[in-house]
$ cat protein16.cif   # mmCIF, C-alpha atoms and all ligand atoms
data_model
loop_
_atom_site.label_atom_id
_atom_site.label_comp_id
_atom_site.auth_asym_id
_atom_site.auth_seq_id
_atom_site.Cartn_x
_atom_site.Cartn_y
_atom_site.Cartn_z
CA MET A 1 -35.04 52.67 -20.64
CA LYS A 2 -36.07 49.86 -22.91
CA GLU A 3 -34.32 51.59 -25.86
CA GLN A 4 -31.25 52.13 -23.71
CA LEU A 5 -31.08 48.42 -22.88
CA GLU A 6 -31.55 47.41 -26.51
CA ALA A 7 -28.80 49.86 -27.57
CA ILE A 8 -26.43 48.30 -24.98
CA GLN A 9 -27.14 44.82 -26.36
CA VAL A 10 -26.56 45.86 -29.99
CA GLU A 11 -23.35 47.68 -29.08
CA ALA A 12 -21.99 44.82 -26.95
CA LEU A 13 -22.80 42.12 -29.51
CA GLU A 14 -21.15 44.21 -32.27
CA LYS A 15 -17.97 44.53 -30.21
CA ILE A 16 -17.95 40.81 -29.48
CA ALA A 17 -18.48 39.91 -33.14
CA GLY A 18 -15.82 42.38 -34.23
CA THR A 19 -12.88 41.06 -32.21
CA ASP A 20 -10.47 38.14 -32.44
CA GLU A 21 -8.80 38.82 -29.09
CA ILE A 22 -9.65 37.01 -25.87
CA LYS A 23 -8.35 40.09 -24.05
CA THR A 24 -10.99 42.32 -25.75
CA LEU A 25 -13.73 39.90 -24.69
CA GLN A 26 -12.61 40.31 -21.08
CA GLU A 27 -12.73 44.09 -21.48
CA VAL A 28 -16.24 43.88 -22.93
CA ARG A 29 -17.38 41.69 -20.02
CA VAL A 30 -16.09 44.27 -17.51
CA ALA A 31 -17.43 47.26 -19.49
CA TYR A 32 -21.02 45.92 -19.70
CA LEU A 33 -21.52 43.32 -16.98
CA GLY A 34 -18.97 44.43 -14.38
CA LYS A 35 -19.81 46.26 -11.13
CA LYS A 36 -19.32 49.59 -12.87
CA GLY A 37 -20.50 48.32 -16.25
CA SER A 38 -23.16 50.07 -18.36
CA LEU A 39 -25.82 47.33 -17.96
CA THR A 40 -25.27 47.34 -14.20
CA GLY A 41 -25.63 51.14 -14.29
CA VAL A 42 -29.04 50.92 -16.01
CA LEU A 43 -30.26 48.26 -13.55
CA LYS A 44 -29.27 50.50 -10.65
CA GLY A 45 -31.66 53.13 -12.02
CA MET A 46 -34.62 50.71 -11.86
CA GLY A 47 -35.56 51.92 -8.39
CA LYS A 48 -37.01 55.04 -9.98
CA LEU A 49 -39.42 53.01 -12.13
CA SER A 50 -43.09 52.43 -11.36
CA LYS A 51 -44.37 49.09 -9.99
CA GLU A 52 -45.82 48.19 -13.39
CA GLU A 53 -42.69 49.03 -15.37
CA ARG A 54 -40.21 47.30 -13.07
CA PRO A 55 -40.89 43.63 -13.98
CA VAL A 56 -41.12 44.47 -17.70
CA ILE A 57 -37.79 46.29 -17.74
CA GLY A 58 -36.33 43.70 -15.38
CA GLU A 59 -37.17 40.94 -17.80
CA ILE A 60 -35.64 42.84 -20.73
CA ALA A 61 -32.50 43.57 -18.69
CA ASN A 62 -32.16 39.83 -17.84
CA LYS A 63 -32.52 38.92 -21.50
CA VAL A 64 -29.88 41.50 -22.50
CA ARG A 65 -27.48 40.17 -19.81
CA ASP A 66 -28.07 36.59 -20.91
CA ALA A 67 -27.55 37.49 -24.59
CA ILE A 68 -24.27 39.30 -23.88
CA THR A 69 -23.05 36.49 -21.56
CA ALA A 70 -23.91 33.82 -24.13
CA ALA A 71 -22.20 35.76 -26.93
CA LEU A 72 -19.10 36.27 -24.76
CA ASP A 73 -18.91 32.59 -23.77
CA GLU A 74 -19.43 31.36 -27.30
CA LYS A 75 -16.81 33.68 -28.79
CA ASN A 76 -14.40 32.92 -25.97
CA GLU A 77 -14.65 29.20 -26.65
CA LYS A 78 -14.17 29.77 -30.37
CA LEU A 79 -11.05 31.87 -29.84
CA GLU A 80 -9.58 29.42 -27.34
CA GLN A 81 -10.13 26.55 -29.77
CA LYS A 82 -8.45 28.58 -32.52
CA ALA A 83 -5.47 29.38 -30.28
CA LEU A 84 -5.09 25.70 -29.40
CA GLU A 85 -5.18 24.66 -33.05
CA LYS A 86 -2.55 27.27 -33.87
CA GLN A 87 -0.31 26.03 -31.07
CA LEU A 88 -0.68 22.39 -32.09
CA GLU A 89 0.17 23.26 -35.66
CA ALA A 90 3.24 25.24 -34.59
CA GLU A 91 4.50 22.47 -32.31
CA ALA A 92 3.75 19.58 -34.68
CA ILE A 93 6.63 17.11 -35.26
CA ASP A 94 7.33 16.20 -38.86
CA VAL A 95 7.91 12.47 -38.58
CA THR A 96 8.91 12.29 -42.24
CA LEU A 97 12.09 14.36 -41.66
CA PRO A 98 15.30 12.28 -41.83
CA GLY A 99 16.52 11.31 -38.33
CA LYS A 100 19.97 11.74 -36.82
CA PRO A 101 22.06 8.75 -37.89
CA VAL A 102 22.82 6.24 -35.10
CA ASN A 103 26.44 5.13 -35.08
CA GLN A 104 25.88 1.39 -35.23
CA GLY A 105 28.64 -1.16 -34.89
CA GLY A 106 28.81 -4.69 -36.19
CA PRO A 107 30.58 -7.94 -35.49
CA HIS A 108 34.38 -7.97 -35.85
CA LEU A 109 35.60 -9.85 -38.95
CA LEU A 110 37.24 -12.43 -36.68
CA THR A 111 33.96 -12.96 -34.80
CA SER A 112 32.10 -13.42 -38.10
CA ILE A 113 34.63 -15.98 -39.35
CA VAL A 114 34.58 -17.93 -36.08
CA GLU A 115 30.76 -17.98 -36.14
CA GLU A 116 30.75 -19.09 -39.78
CA ILE A 117 33.09 -21.98 -38.93
CA GLU A 118 30.99 -22.86 -35.87
CA ASP A 119 27.80 -22.95 -37.99
CA LEU A 120 29.50 -25.16 -40.51
CA PHE A 121 30.60 -27.76 -37.95
CA THR A 122 27.50 -27.68 -35.74
CA GLY A 123 25.68 -28.50 -38.99
CA MET A 124 27.74 -31.70 -39.08
CA GLY A 125 26.85 -32.60 -35.48
CA TYR A 126 29.73 -30.96 -33.61
CA GLU A 127 29.19 -29.30 -30.24
CA VAL A 128 31.00 -26.01 -29.44
CA ARG A 129 33.06 -25.98 -26.23
CA GLU A 130 35.14 -23.36 -24.45
CA GLY A 131 37.74 -23.60 -21.71
CA PRO A 132 40.12 -21.51 -19.58
CA GLU A 133 42.82 -19.34 -21.17
CA VAL A 134 44.97 -19.75 -18.05
CA GLU A 135 45.80 -23.47 -18.17
CA THR A 136 47.73 -26.04 -16.22
CA ASP A 137 50.94 -27.48 -17.60
CA TYR A 138 49.17 -30.85 -17.51
CA PHE A 139 46.27 -30.02 -19.87
CA ASN A 140 48.25 -27.69 -22.16
CA PHE A 141 51.25 -30.03 -22.63
CA GLU A 142 51.42 -33.33 -20.74
CA ALA A 143 47.95 -34.66 -21.64
CA LEU A 144 48.82 -33.93 -25.28
CA ASN A 145 51.94 -36.08 -25.28
CA LEU A 146 54.31 -33.18 -24.65
CA PRO A 147 56.19 -34.22 -21.49
CA LYS A 148 58.21 -31.67 -19.59
CA ASP A 149 61.52 -32.15 -21.46
CA HIS A 150 59.98 -32.62 -24.92
CA PRO A 151 61.81 -30.53 -27.58
CA ALA A 152 58.48 -29.63 -29.31
CA ARG A 153 57.64 -27.43 -26.30
CA ASP A 154 60.23 -24.95 -27.60
CA MET A 155 57.97 -24.16 -30.57
CA GLN A 156 55.17 -23.24 -28.19
CA ASP A 157 56.98 -21.05 -25.67
CA THR A 158 54.40 -19.03 -23.75
CA PHE A 159 53.73 -16.71 -20.81
CA TYR A 160 54.10 -18.54 -17.49
CA ILE A 161 52.21 -17.52 -14.39
CA THR A 162 53.84 -20.17 -12.19
CA ASN A 163 55.78 -23.33 -13.08
CA GLU A 164 52.46 -25.18 -13.40
CA LEU A 165 50.18 -22.37 -14.67
CA LEU A 166 50.48 -20.72 -18.07
CA MET A 167 48.60 -18.93 -20.86
CA ARG A 168 47.42 -21.76 -23.13
CA THR A 169 49.38 -22.09 -26.39
CA HIS A 170 46.53 -23.83 -28.24
CA THR A 171 42.89 -24.77 -27.62
CA SER A 172 43.80 -28.49 -27.43
CA PRO A 173 43.51 -28.48 -23.59
CA VAL A 174 39.76 -27.86 -24.03
CA GLN A 175 39.65 -31.08 -26.04
CA ALA A 176 41.76 -32.96 -23.49
CA ARG A 177 39.35 -31.79 -20.77
CA THR A 178 36.35 -32.88 -22.87
CA MET A 179 37.81 -36.35 -23.47
CA GLN A 180 38.41 -36.73 -19.75
CA GLU A 181 34.84 -35.62 -19.04
CA TYR A 182 33.42 -38.27 -21.36
CA GLN A 183 35.73 -40.78 -19.57
CA GLY A 184 36.50 -43.41 -22.13
CA GLY A 185 32.96 -44.57 -22.77
CA LYS A 186 31.40 -42.13 -25.07
CA SER A 187 31.88 -40.96 -28.65
CA PHE A 188 31.58 -37.24 -29.44
CA LYS A 189 32.32 -34.51 -31.95
CA MET A 190 33.38 -31.08 -30.77
CA ILE A 191 35.08 -27.87 -31.85
CA CYS A 192 36.67 -25.32 -29.53
CA PRO A 193 37.30 -21.73 -30.64
CA GLY A 194 39.25 -19.31 -28.46
CA LYS A 195 42.23 -17.08 -27.75
CA VAL A 196 45.70 -18.62 -27.50
CA TYR A 197 49.12 -17.18 -26.57
CA ARG A 198 52.71 -17.68 -27.73
CA ARG A 199 55.98 -15.97 -26.88
CA ASP A 200 56.42 -14.40 -30.31
CA ASN A 201 57.54 -11.08 -31.73
CA ASP A 202 54.61 -9.43 -33.53
CA ASP A 203 54.92 -8.86 -37.29
CA ALA A 204 52.70 -9.18 -40.38
CA THR A 205 52.28 -12.94 -39.88
CA HIS A 206 52.96 -13.44 -36.12
CA SER A 207 51.12 -12.32 -33.00
CA HIS A 208 51.70 -13.09 -29.32
CA GLN A 209 47.93 -13.59 -29.03
CA PHE A 210 45.74 -15.05 -31.74
CA THR A 211 42.71 -17.27 -32.27
CA GLN A 212 42.45 -20.96 -32.86
CA ILE A 213 39.68 -23.40 -33.66
CA GLU A 214 40.32 -27.07 -33.12
CA GLY A 215 38.07 -30.00 -33.92
CA LEU A 216 37.96 -33.47 -32.41
CA TYR A 217 35.95 -36.57 -33.25
CA VAL A 218 36.30 -39.67 -31.06
CA ASP A 219 34.42 -42.88 -31.81
CA LYS A 220 34.92 -46.52 -32.72
CA ASN A 221 36.45 -47.00 -36.17
CA VAL A 222 37.27 -43.35 -36.93
CA ARG A 223 39.65 -43.35 -39.89
CA MET A 224 41.87 -41.00 -41.86
CA SER A 225 39.30 -41.00 -44.69
CA ASP A 226 36.74 -39.54 -42.23
CA LEU A 227 39.14 -36.67 -41.53
CA LYS A 228 39.75 -36.10 -45.23
CA GLY A 229 36.01 -36.12 -46.06
CA THR A 230 35.21 -33.69 -43.22
CA LEU A 231 37.99 -31.29 -44.19
CA ASP A 232 36.94 -31.45 -47.86
CA VAL A 233 33.40 -30.37 -46.90
CA PHE A 234 34.86 -27.58 -44.74
CA ALA A 235 37.15 -26.28 -47.53
CA LYS A 236 34.39 -26.27 -50.15
CA LYS A 237 31.81 -24.59 -47.89
CA MET A 238 34.33 -21.99 -46.70
CA PHE A 239 36.15 -21.14 -49.94
CA GLY A 240 33.92 -22.43 -52.77
CA GLU A 241 32.76 -25.70 -54.30
CA ASP A 242 35.46 -25.49 -57.00
CA ARG A 243 38.27 -25.84 -54.42
CA GLU A 244 40.30 -29.07 -54.13
CA ILE A 245 42.20 -30.19 -51.02
CA ARG A 246 45.38 -32.19 -50.59
CA LEU A 247 46.95 -33.71 -47.48
CA ARG A 248 50.73 -33.76 -46.93
CA PRO A 249 52.53 -35.75 -44.22
CA SER A 250 53.53 -33.63 -41.22
CA PHE A 251 54.30 -33.93 -37.51
CA PHE A 252 52.43 -32.99 -34.33
CA PRO A 253 53.25 -34.64 -30.98
CA PHE A 254 49.51 -35.28 -30.32
CA THR A 255 48.59 -36.93 -33.64
CA GLU A 256 49.94 -39.97 -35.47
CA PRO A 257 49.94 -39.90 -38.41
CA SER A 258 49.86 -36.13 -38.84
CA VAL A 259 48.96 -34.13 -41.92
CA GLU A 260 48.87 -30.62 -43.23
CA MET A 261 46.06 -29.59 -45.57
CA ASP A 262 46.33 -27.32 -48.60
CA ILE A 263 43.54 -25.94 -50.77
CA SER A 264 43.93 -25.29 -54.49
CA CYS A 265 44.70 -21.67 -55.35
CA LYS A 266 41.66 -19.84 -56.68
CA VAL A 267 43.68 -17.09 -58.35
CA CYS A 268 45.67 -19.33 -60.73
CA LYS A 269 43.53 -22.49 -60.42
CA GLY A 270 46.61 -24.56 -59.62
CA ALA A 271 48.95 -23.17 -62.28
CA GLY A 272 51.10 -21.20 -59.82
CA CYS A 273 51.02 -17.48 -59.00
CA SER A 274 52.24 -14.99 -56.37
CA VAL A 275 49.34 -15.76 -53.97
CA CYS A 276 50.30 -19.47 -53.77
CA LYS A 277 54.01 -18.72 -54.28
CA GLY A 278 54.08 -20.66 -57.53
CA THR A 279 52.89 -23.97 -56.06
CA GLY A 280 49.19 -23.86 -56.96
CA TRP A 281 48.34 -24.77 -53.32
CA ILE A 282 47.75 -22.75 -50.13
CA GLU A 283 48.32 -24.17 -46.63
CA ILE A 284 45.19 -23.96 -44.46
CA LEU A 285 45.40 -26.19 -41.39
CA GLY A 286 46.94 -29.19 -39.63
CA GLY A 287 45.45 -32.37 -38.26
CA GLY A 288 45.78 -36.09 -37.90
CA MET A 289 44.69 -39.21 -36.06
CA VAL A 290 44.70 -38.70 -32.28
CA HIS A 291 47.88 -40.23 -30.83
CA PRO A 292 47.08 -43.48 -28.94
CA ARG A 293 48.91 -42.13 -25.87
CA VAL A 294 46.66 -39.02 -25.85
CA LEU A 295 43.55 -41.24 -25.95
CA GLU A 296 44.98 -43.44 -23.21
CA MET A 297 45.80 -40.53 -20.91
CA ALA A 298 42.20 -39.32 -21.19
CA GLY A 299 40.87 -42.76 -20.23
CA TYR A 300 40.06 -44.19 -23.68
CA ASP A 301 41.25 -47.64 -24.77
CA PRO A 302 43.06 -46.95 -28.08
CA LYS A 303 42.37 -50.54 -29.18
CA GLU A 304 38.65 -49.82 -29.02
CA TYR A 305 38.49 -46.10 -29.80
CA SER A 306 40.16 -43.88 -32.35
CA GLY A 307 39.74 -40.26 -33.34
CA PHE A 308 40.80 -37.48 -35.63
CA ALA A 309 41.70 -33.92 -34.69
CA PHE A 310 42.54 -30.76 -36.58
CA GLY A 311 43.43 -27.20 -35.79
CA MET A 312 43.28 -23.93 -37.71
CA GLY A 313 43.79 -20.20 -37.25
CA PRO A 314 40.66 -18.17 -38.08
CA GLU A 315 42.91 -15.13 -38.75
CA ARG A 316 44.65 -17.08 -41.51
CA ILE A 317 41.30 -18.26 -42.90
CA ALA A 318 40.02 -14.65 -42.95
CA MET A 319 43.28 -13.34 -44.45
CA LEU A 320 43.02 -15.82 -47.33
CA LYS A 321 39.30 -15.36 -47.84
CA TYR A 322 39.38 -11.55 -47.83
CA GLY A 323 42.95 -10.76 -48.88
CA VAL A 324 44.03 -9.23 -45.55
CA ASN A 325 47.85 -9.00 -45.63
CA ASP A 326 48.74 -8.13 -42.02
CA ILE A 327 47.52 -10.15 -39.02
CA ARG A 328 47.87 -7.03 -36.82
CA ALA A 329 44.85 -5.53 -38.64
CA PHE A 330 42.63 -7.81 -36.51
CA TYR A 331 43.83 -6.35 -33.21
CA THR A 332 44.58 -2.64 -33.81
CA ASN A 333 40.92 -1.57 -34.10
CA ASP A 334 41.27 0.68 -37.15
CA LYS A 335 37.63 1.36 -37.98
CA ARG A 336 38.46 1.86 -41.66
CA PHE A 337 39.54 -1.79 -41.75
CA LEU A 338 36.76 -3.17 -39.53
CA LYS A 339 33.92 -1.32 -41.29
CA GLN A 340 34.59 -3.05 -44.60
CA TYR A 341 33.44 -6.37 -43.19
CA HIS A 342 30.26 -5.38 -41.37
CA GLN A 343 28.09 -6.75 -44.17
CA ALA A 344 30.32 -9.79 -44.73
C1 LIG X 401 47.53 -26.29 -36.49
C2 LIG X 401 47.46 -27.71 -36.10
C3 LIG X 401 46.39 -29.29 -34.72
C4 LIG X 401 45.42 -30.84 -33.19
C5 LIG X 401 45.65 -29.55 -33.59
C6 LIG X 401 44.63 -32.19 -31.30
C7 LIG X 401 43.96 -32.14 -30.11
C8 LIG X 401 43.86 -33.28 -29.36
C9 LIG X 401 44.42 -34.44 -29.79
C10 LIG X 401 45.07 -34.43 -30.97
CL1 LIG X 401 43.09 -33.28 -27.86
N1 LIG X 401 45.16 -33.32 -31.72
N2 LIG X 401 44.71 -31.05 -32.04
C11 LIG X 401 45.93 -31.86 -33.96
C12 LIG X 401 46.68 -31.61 -35.07
C13 LIG X 401 46.91 -30.30 -35.47
O1 LIG X 401 46.57 -27.97 -35.06
O2 LIG X 401 48.19 -25.96 -37.40
N3 LIG X 401 46.82 -25.42 -35.81
C14 LIG X 401 46.78 -24.04 -36.08
#
$ encode --input "protein16.cif" --output "structure tokens"
Amino acid sequence: MKEQLEAIQVEALEKIAGTDEIKTLQEVRVAYLGKKGSLTGVLKGMGKLSKEERPVIGEIANKVRDAITAALDEKNEKLEQKALEKQLEAEAIDVTLPGKPVNQGGPHLLTSIVEEIEDLFTGMGYEVREGPEVETDYFNFEALNLPKDHPARDMQDTFYITNELLMRTHTSPVQARTMQEYQGGKSFKMICPGKVYRRDNDDATHSHQFTQIEGLYVDKNVRMSDLKGTLDVFAKKMFGEDREIRLRPSFFPFTEPSVEMDISCKVCKGAGCSVCKGTGWIEILGGGMVHPRVLEMAGYDPKEYSGFAFGMGPERIAMLKYGVNDIRAFYTNDKRFLKQYHQA
């Protein structure tokens, strides 16, 4: 019986050592240790043994069972570990593979230009202000020295909501509101960017809706030379240090005197070419000294306070800076156009 038990152990351990399948291990466990297994069969025959033999054989049988169980458990653990490793390897993510590209947008050229101009003026102490696009007749026209029957209103025909409410034709009402807020006592510098509206037929250089940035500086002893110096800094920072400016007399109902500003043409350096239409100069913006009546209406004493104001179209600035030849390109959302300026 002892030999029989030893033979079972050798056979079982050989089978365990010889397999790489968890399933085979289960079969071995049933075949040797199960209810109808060969070791169980031998143990059942122990009843026929003598009193002296029984504990000896019993001890050997226990050792054989323990040896087979231990070998089964050890191999089982080994195979499970191996299977896990194989699975982890198969399911591993290669983080070095190139990812799917994310379609990322960027600021619109007009937004970039407006922000560039804002940065430039906030650097000179200006605050940025915004106001309503639906305005009252008072702030859009009357407070800016454009009374109801003034002929200059014809140049700024707009979309009316009621007789007294309209889509603003310029950002000047934001400045009129700011002056009224400061109520005559205080000096300030501000710029106001935003959308404006005109009754216009759209073409390469006109749009019924466009953008404007106006600037206003009110203080004691503000002079024309302050306006010229400020605009010179603006032109050089925006278009290059080699640019010159010139001021020409002009007319706006809300400034007196009024000027228009040109910058020297970069292409021909003043000699005259197709970009500057042979003049050597390119028109950029308008401005002037705030009309005493405009100051008065906002509650400032024009004998004590003076101010300068200017206004420009960021579309025009962008068109000149980047050679865009149709204003409609800013509003028609052609990605081929917009994409070119994402790094700008
Ligand atoms: C242009 C010219 C201009 C102003 C805007 C202004 C505002 C107040 C008082 C006086 Cl509250 N003036 N703004 C002055 C002169 C010109 O804009 O060509 N814009 C595109």
$ axis_aligned_box --input "protein16.cif" --around "region 54-59 of chain A" --padding-each-side "6 Å" --output "lines of an AutoDock Vina configuration file"
center_x = -38.7
center_y = 44.1
center_z = -15.4
size_x = 16.8
size_y = 18.4
size_z = 16.7
$ residues_around --input "protein16.cif" --residues "region 282-289 of chain A" --least-positions-apart "6" --cutoff "7 Å" --atoms "only C-alpha atoms" --output "list of chain:residue names"
A:Met224, A:Thr255, A:Glu256, A:Pro257, A:Ser258, A:Val259, A:Glu260, A:Met261, A:Asp262, A:Ile263, A:Ser264, A:Cys265, A:Cys276, A:Gly307, A:Phe308, A:Ala309, A:Phe310, A:Gly311, A:Met312
$ residues_near_point --input "protein16.cif" --point "(48.5, -31.5, -51.6)" --cutoff "7 Å" --atoms "all atoms listed in the file" --output "list in words"
Ile245, Arg246, Leu247, Arg248, Met261, Asp262 and Trp281 of chain A
$ closest_residue --input "protein16.cif" --among "A:Ile60, A:Val233, A:Val174, A:Ala204" --to "ligand LIG 401 (chain X)" --atoms "all atoms listed in the file"
A:Val174
$ closest_residue --input "protein16.cif" --among "A:Glu80, A:Asp219, A:Glu214, A:Glu241" --to "ligand LIG 401 (chain X)" --atoms "only C-alpha atoms and all ligand atoms"
A:Glu214
$ residues_around --input "protein16.cif" --residues "Lys321 (chain A)" --least-positions-apart "2" --cutoff "12 Å" --atoms "all atoms listed in the file" --output "list in words"
Leu109, Leu110, Ile113, Ala235, Lys237, Met238, Phe239, Gly240, Ile263, Cys265, Lys266, Val267, Val275, Ile282, Ile284, Pro314, Glu315, Arg316, Ile317, Ala318, Met319, Gly323, Val324, Asn325, Tyr341 and Ala344 of chain A
$ atom_distance --input "protein16.cif" --atom1 "CA of Arg29 (chain A)" --atom2 "CA of Ala67 (chain A)"
11.9 Å
$ atom_distance --input "protein16.cif" --atom1 "CA of His206 (chain A)" --atom2 "CA of His170 (chain A)"
14.5 Å
$ closest_residue --input "protein16.cif" --among "A:Thr332, A:Ser225, A:Ser50, A:Asn201" --to "Asp157 (chain A)" --atoms "all atoms listed in the file"
A:Asn201
$ atom_distance --input "protein16.cif" --atom1 "CA of Lys195 (chain A)" --atom2 "CA of Gln209 (chain A)"
6.8 Å
$ closest_residue --input "protein16.cif" --among "A:Tyr32, A:Phe337, A:Phe252, A:Tyr331" --to "ligand LIG 401 (chain X)" --atoms "all atoms listed in the file"
A:Phe252
$ closest_atom_pairs --input "protein16.cif" --of "region 187-273 of chain A" --to "region 137-153 of chain A" --cutoff "12 Å" --atoms "all atoms listed in the file" --output "JSON lines"
{"residue": "A:Val196", "atom": "CA", "partner": "A:Asn140", "partner_atom": "CA", "distance": 10.8}
{"residue": "A:Tyr197", "atom": "CA", "partner": "A:Asn140", "partner_atom": "CA", "distance": 11.4}
{"residue": "A:Arg198", "atom": "CA", "partner": "A:Arg153", "partner_atom": "CA", "distance": 11.0}
{"residue": "A:Arg199", "atom": "CA", "partner": "A:Arg153", "partner_atom": "CA", "distance": 11.6}
{"residue": "A:Phe251", "atom": "CA", "partner": "A:Ala152", "partner_atom": "CA", "distance": 10.2}
{"residue": "A:Phe252", "atom": "CA", "partner": "A:Ala152", "partner_atom": "CA", "distance": 8.5}
{"residue": "A:Pro253", "atom": "CA", "partner": "A:Asn145", "partner_atom": "CA", "distance": 6.0}
{"residue": "A:Phe254", "atom": "CA", "partner": "A:Leu144", "partner_atom": "CA", "distance": 5.3}
{"residue": "A:Thr255", "atom": "CA", "partner": "A:Leu144", "partner_atom": "CA", "distance": 8.9}
{"residue": "A:Glu256", "atom": "CA", "partner": "A:Asn145", "partner_atom": "CA", "distance": 11.1}
$ residues_around --input "protein16.cif" --residues "Glu11 (chain A)" --least-positions-apart "4" --cutoff "12 Å" --atoms "all atoms listed in the file" --output "number ranges by chain"
A: 4-7, 15-18, 28, 31-32, 38-39, 64, 67-68
$ closest_residue --input "protein16.cif" --among "A:Thr158, A:Thr122, A:Thr205, A:Ser250" --to "ligand LIG 401 (chain X)" --atoms "all atoms listed in the file"
A:Ser250
$ closest_residue --input "protein16.cif" --among "A:Lys36, A:Lys100, A:His108, A:Lys82" --to "His342 (chain A)" --atoms "all atoms listed in the file"
A:His108
